[in-house]
>>> print(open('target-v2.txt').read())   # compact mmCIF, C-alpha atoms
# COMPACT_ATOMS: atom_id res chain seq x y z
CA MET N 1 -40.12 19.33 2.63
CA VAL N 2 -36.60 17.86 2.84
CA ILE N 3 -33.90 19.49 0.74
CA LEU N 4 -30.85 17.36 0.13
CA SER N 5 -27.48 18.97 -0.33
CA LEU N 6 -25.69 18.03 -3.53
CA PRO N 7 -23.24 15.59 -1.88
CA ASN N 8 -26.08 13.75 -0.12
CA PHE N 9 -28.35 13.93 -3.14
CA ALA N 10 -25.64 12.20 -5.19
CA ARG N 11 -25.93 9.15 -2.95
CA TYR N 12 -29.57 8.72 -3.90
CA SER N 13 -29.11 9.22 -7.62
CA THR N 14 -28.81 6.19 -9.88
CA ASN N 15 -25.36 7.37 -10.98
CA PHE N 16 -23.77 7.28 -7.52
CA MET N 17 -21.04 4.67 -7.18
CA PRO N 18 -18.94 4.24 -4.04
CA LYS N 19 -15.20 4.00 -4.59
CA SER N 20 -13.53 0.65 -3.97
CA ILE N 21 -10.49 1.30 -1.77
CA LEU N 22 -8.09 -1.60 -1.52
CA LEU N 23 -5.56 -2.21 1.25
CA THR N 24 -2.78 -4.60 0.32
CA GLY N 25 0.69 -5.54 1.49
CA GLY N 26 2.68 -8.54 2.62
CA PRO N 27 1.96 -10.57 5.74
CA SER N 28 1.84 -8.64 9.04
CA THR N 29 1.79 -5.14 7.61
CA GLY N 30 -1.20 -4.04 9.69
CA LYS N 31 -4.03 -4.40 7.15
CA THR N 32 -6.50 -6.09 9.48
CA THR N 33 -5.81 -3.59 12.26
CA LEU N 34 -6.51 -0.74 9.83
CA ILE N 35 -9.68 -2.40 8.54
CA ASN N 36 -10.94 -2.88 12.12
CA HIS N 37 -10.25 0.78 12.92
CA LEU N 38 -12.05 1.92 9.77
CA LYS N 39 -15.04 -0.24 10.78
CA GLN N 40 -15.12 1.45 14.18
CA MET N 41 -15.25 4.80 12.37
CA GLY N 42 -18.33 3.60 10.48
CA TYR N 43 -16.80 2.84 7.09
CA PRO N 44 -18.00 -0.30 5.28
CA CYS N 45 -15.17 -2.82 5.05
CA MET N 46 -14.66 -6.22 3.46
CA ASP N 47 -12.50 -8.58 5.48
CA GLU N 48 -9.64 -10.69 4.14
CA VAL N 49 -10.99 -14.05 3.02
CA SER N 50 -7.81 -16.16 2.96
CA ARG N 51 -7.93 -17.01 6.67
CA GLU N 52 -11.53 -18.17 6.28
CA VAL N 53 -10.61 -20.39 3.31
CA THR N 54 -7.59 -21.77 5.20
CA LYS N 55 -9.64 -22.53 8.34
CA GLU N 56 -12.34 -24.29 6.33
CA ALA N 57 -9.68 -26.47 4.68
CA GLN N 58 -8.10 -27.23 8.08
CA GLU N 59 -11.48 -28.39 9.35
CA GLN N 60 -11.44 -30.85 6.44
CA GLY N 61 -7.96 -32.09 7.41
CA ILE N 62 -5.86 -29.98 5.00
CA ASP N 63 -3.30 -28.12 7.09
CA GLN N 64 -2.19 -25.54 4.49
CA LEU N 65 -4.41 -25.60 1.40
CA PHE N 66 -2.29 -22.90 -0.28
CA LEU N 67 0.79 -25.15 -0.02
CA GLU N 68 -0.98 -28.44 -0.81
CA ASN N 69 -3.28 -27.30 -3.65
CA PRO N 70 -2.37 -23.71 -4.53
CA LEU N 71 -4.54 -23.52 -7.63
CA LEU N 72 -7.70 -24.62 -5.79
CA PHE N 73 -6.92 -22.27 -2.91
CA SER N 74 -6.33 -19.39 -5.33
CA GLN N 75 -9.53 -20.14 -7.25
CA LEU N 76 -11.54 -20.02 -4.01
CA LEU N 77 -9.86 -16.76 -3.02
CA LYS N 78 -10.34 -15.13 -6.41
CA ASP N 79 -14.02 -16.05 -6.51
CA ALA N 80 -14.57 -14.74 -2.96
CA ARG N 81 -12.78 -11.48 -3.83
CA ILE N 82 -14.89 -11.04 -6.96
CA LYS N 83 -17.98 -11.52 -4.81
CA GLN N 84 -16.72 -8.81 -2.45
CA PHE N 85 -15.96 -6.48 -5.37
CA ASN N 86 -19.50 -6.94 -6.68
CA GLN N 87 -20.94 -5.97 -3.29
CA VAL N 88 -19.29 -2.52 -3.31
CA PRO N 89 -22.09 -0.79 -5.31
CA SER N 90 -24.66 -1.84 -2.69
CA PHE N 91 -23.25 0.63 -0.15
CA LEU N 92 -24.39 4.25 0.18
CA ASN N 93 -20.97 5.42 1.33
CA ASP N 94 -18.29 7.33 -0.51
CA PHE N 95 -15.64 4.68 0.22
CA VAL N 96 -15.76 0.91 0.71
CA PHE N 97 -12.53 -0.64 2.00
CA LEU N 98 -11.32 -4.11 1.01
CA ASP N 99 -8.60 -6.14 2.73
CA ARG N 100 -6.67 -7.53 -0.27
CA GLY N 101 -7.89 -7.83 -3.85
CA ILE N 102 -8.00 -10.07 -6.88
CA PRO N 103 -4.41 -9.27 -8.04
CA ASP N 104 -3.11 -10.46 -4.64
CA THR N 105 -4.12 -13.94 -5.74
CA MET N 106 -1.91 -13.66 -8.82
CA ALA N 107 1.01 -12.23 -6.85
CA TYR N 108 1.02 -15.18 -4.45
CA MET N 109 0.83 -17.70 -7.31
CA ASP N 110 3.71 -15.96 -9.08
CA PHE N 111 5.60 -16.01 -5.78
CA ILE N 112 5.44 -19.83 -5.62
CA GLY N 113 5.77 -20.34 -9.40
CA GLN N 114 2.24 -21.73 -9.81
CA GLU N 115 0.77 -21.60 -13.31
CA TYR N 116 -2.83 -20.45 -13.63
CA PRO N 117 -5.44 -20.26 -16.39
CA GLN N 118 -6.17 -17.17 -18.50
CA GLU N 119 -9.33 -16.64 -16.43
CA PHE N 120 -7.21 -15.22 -13.59
CA ILE N 121 -5.59 -12.65 -15.87
CA ASP N 122 -8.94 -11.74 -17.44
CA ASP N 123 -10.52 -11.21 -14.02
CA CYS N 124 -7.67 -8.92 -12.92
CA LYS N 125 -8.33 -6.79 -15.99
CA LYS N 126 -12.12 -6.89 -15.66
CA TYR N 127 -12.52 -6.01 -11.98
CA ARG N 128 -10.75 -2.69 -11.35
CA TYR N 129 -10.33 -1.05 -7.93
CA ASP N 130 -10.46 2.73 -7.65
CA VAL N 131 -7.58 3.33 -5.23
CA ILE N 132 -4.83 1.01 -3.96
CA PHE N 133 -3.01 1.61 -0.69
CA ILE N 134 -0.01 -0.59 0.00
CA LEU N 135 1.31 -1.11 3.49
CA PRO N 136 5.08 -1.53 3.78
CA LEU N 137 6.62 -4.43 5.65
CA TRP N 138 6.90 -3.80 9.38
CA LYS N 139 9.30 -6.17 11.11
CA ASP N 140 8.23 -5.14 14.62
CA ILE N 141 4.70 -6.48 14.13
CA HIS N 142 5.54 -9.50 11.97
CA LYS N 143 4.44 -12.85 13.41
CA THR N 144 3.44 -16.31 12.24
CA ASP N 145 0.48 -18.38 13.43
CA GLY N 146 -1.79 -21.27 12.42
CA GLU N 147 -2.94 -19.55 9.24
CA ARG N 148 0.14 -17.41 8.49
CA TYR N 149 3.27 -19.46 7.87
CA GLU N 150 5.50 -16.85 6.15
CA ASN N 151 8.65 -15.70 7.96
CA PHE N 152 9.92 -12.14 7.42
CA GLU N 153 12.25 -13.11 4.56
CA LEU N 154 9.37 -14.75 2.69
CA ALA N 155 7.23 -11.69 3.44
CA GLN N 156 9.82 -9.52 1.67
CA HIS N 157 9.57 -11.66 -1.48
CA ILE N 158 5.77 -11.59 -1.33
CA GLN N 159 5.80 -7.80 -0.97
CA LYS N 160 7.88 -7.48 -4.14
CA HIS N 161 5.47 -9.73 -6.05
CA LEU N 162 2.49 -7.69 -4.81
CA ILE N 163 4.06 -4.43 -5.97
CA ASP N 164 5.07 -5.90 -9.33
CA THR N 165 1.64 -7.46 -9.93
CA TYR N 166 -0.40 -4.35 -9.17
CA ARG N 167 1.90 -2.25 -11.33
CA GLN N 168 1.64 -4.82 -14.12
CA TYR N 169 -2.13 -4.26 -14.13
CA GLY N 170 -1.68 -0.50 -14.34
CA TYR N 171 -2.31 0.54 -10.75
CA ASP N 172 -0.60 3.41 -8.96
CA LEU N 173 0.21 2.36 -5.40
CA ILE N 174 -0.04 4.77 -2.48
CA GLU N 175 2.25 3.71 0.37
CA VAL N 176 0.83 4.12 3.88
CA PRO N 177 3.51 5.27 6.36
CA ILE N 178 4.34 3.02 9.31
CA GLY N 179 2.98 4.38 12.59
CA PRO N 180 0.08 4.26 15.04
CA VAL N 181 -3.16 3.00 13.54
CA ALA N 182 -4.93 6.35 13.99
CA SER N 183 -2.17 8.13 12.05
CA ARG N 184 -2.33 5.57 9.26
CA VAL N 185 -6.11 5.87 9.02
CA ASN N 186 -5.85 9.67 8.96
CA PHE N 187 -3.32 9.43 6.13
CA ILE N 188 -5.69 7.21 4.11
CA ILE N 189 -8.80 9.34 4.69
CA ASN N 190 -6.96 12.62 4.05
CA THR N 191 -5.50 11.19 0.83
CA LEU N 192 -8.94 10.08 -0.35
CA LYS N 193 -10.60 13.37 0.48
CA GLY N 194 -7.70 15.52 -0.72
>>> encode(input="target-v2.txt", output="structure tokens")
Amino acid sequence: MVILSLPNFARYSTNFMPKSILLTGGPSTGKTTLINHLKQMGYPCMDEVSREVTKEAQEQGIDQLFLENPLLFSQLLKDARIKQFNQVPSFLNDFVFLDRGIPDTMAYMDFIGQEYPQEFIDDCKKYRYDVIFILPLWKDIHKTDGERYENFELAQHIQKHLIDTYRQYGYDLIEVPIGPVASRVNFIINTLKG
């Protein structure tokens, strides 16, 4: 006969729901590095989808879909992030980490002054993350490449829009200190378990 402890038993009850833990922040703040480290530790993680959307558009001859058709790009991102959000309950882990969330889409559109339909606002209100960690800008690791065009000055403006947008939707943001990836991961896990 197998006796499950209460914490393990909770995972097999119909009421168990993993927490959605979102990592956000401007370009080159170390989100992907953190996500990769969390994966190595065995945590389920959802990767950032914007690079995938950008690469697919580039394969179709559109160099920067976000710049050329920001509303279409944002719609594709929002839908992909909703799909990720809806996958969280399928995991039997306490925490599921996501690299960027639905409100990021709004923050970037506000950053460029792009209007968007009410659907975007409604989705930000409907799909709610449990905990939001924001990574501060880190000039030493900032770089541009084929999918990331933002220089550091633009990154500063984006960071402000991200903070404002998440606060607008009622989220408390937990800032992750700059430092080695292991220290940052320890900060996140200790905060979640504390």
>>> closest_residue(input="target-v2.txt", among="N:Pro89, N:Gly61, N:Arg51, N:Ser74", to="Asn15 of chain N", atoms="only C-alpha atoms")
N:Pro89
>>> residues_near_point(input="target-v2.txt", point="(-8.9, 2.5, -5.1)", cutoff="12 Å", atoms="all atoms listed in the file", output="VMD selection string")
chain N and resid 18 to 24 85 88 94 to 101 127 to 134 166 171 to 174 188 to 189 191 to 192
>>> closest_residue(input="target-v2.txt", among="N:Leu34, N:Leu162, N:Val49, N:Leu67", to="Asp110 of chain N", atoms="all atoms listed in the file")
N:Leu162
>>> atom_distance(input="target-v2.txt", atom1="atom CA of Asn186 of chain N", atom2="atom CA of Asp164 of chain N")
26.4 Å
>>> closest_residue(input="target-v2.txt", among="N:Phe16, N:Tyr43, N:Tyr108, N:Phe152", to="Thr165 of chain N", atoms="only C-alpha atoms")
N:Tyr108
>>> closest_residue(input="target-v2.txt", among="N:Ile158, N:Ile82, N:Leu77, N:Ile178", to="Gly26 of chain N", atoms="only C-alpha atoms")
N:Ile158
>>> closest_residue(input="target-v2.txt", among="N:Gly170, N:Met46, N:Glu175, N:Trp138", to="Phe91 of chain N", atoms="only C-alpha atoms")
N:Met46
>>> residues_around(input="target-v2.txt", residues="Asp140 of chain N", least_positions_apart="4", cutoff="12 Å", atoms="all atoms listed in the file", output="VMD selection string")
chain N and resid 28 to 30 136 152 178 to 179
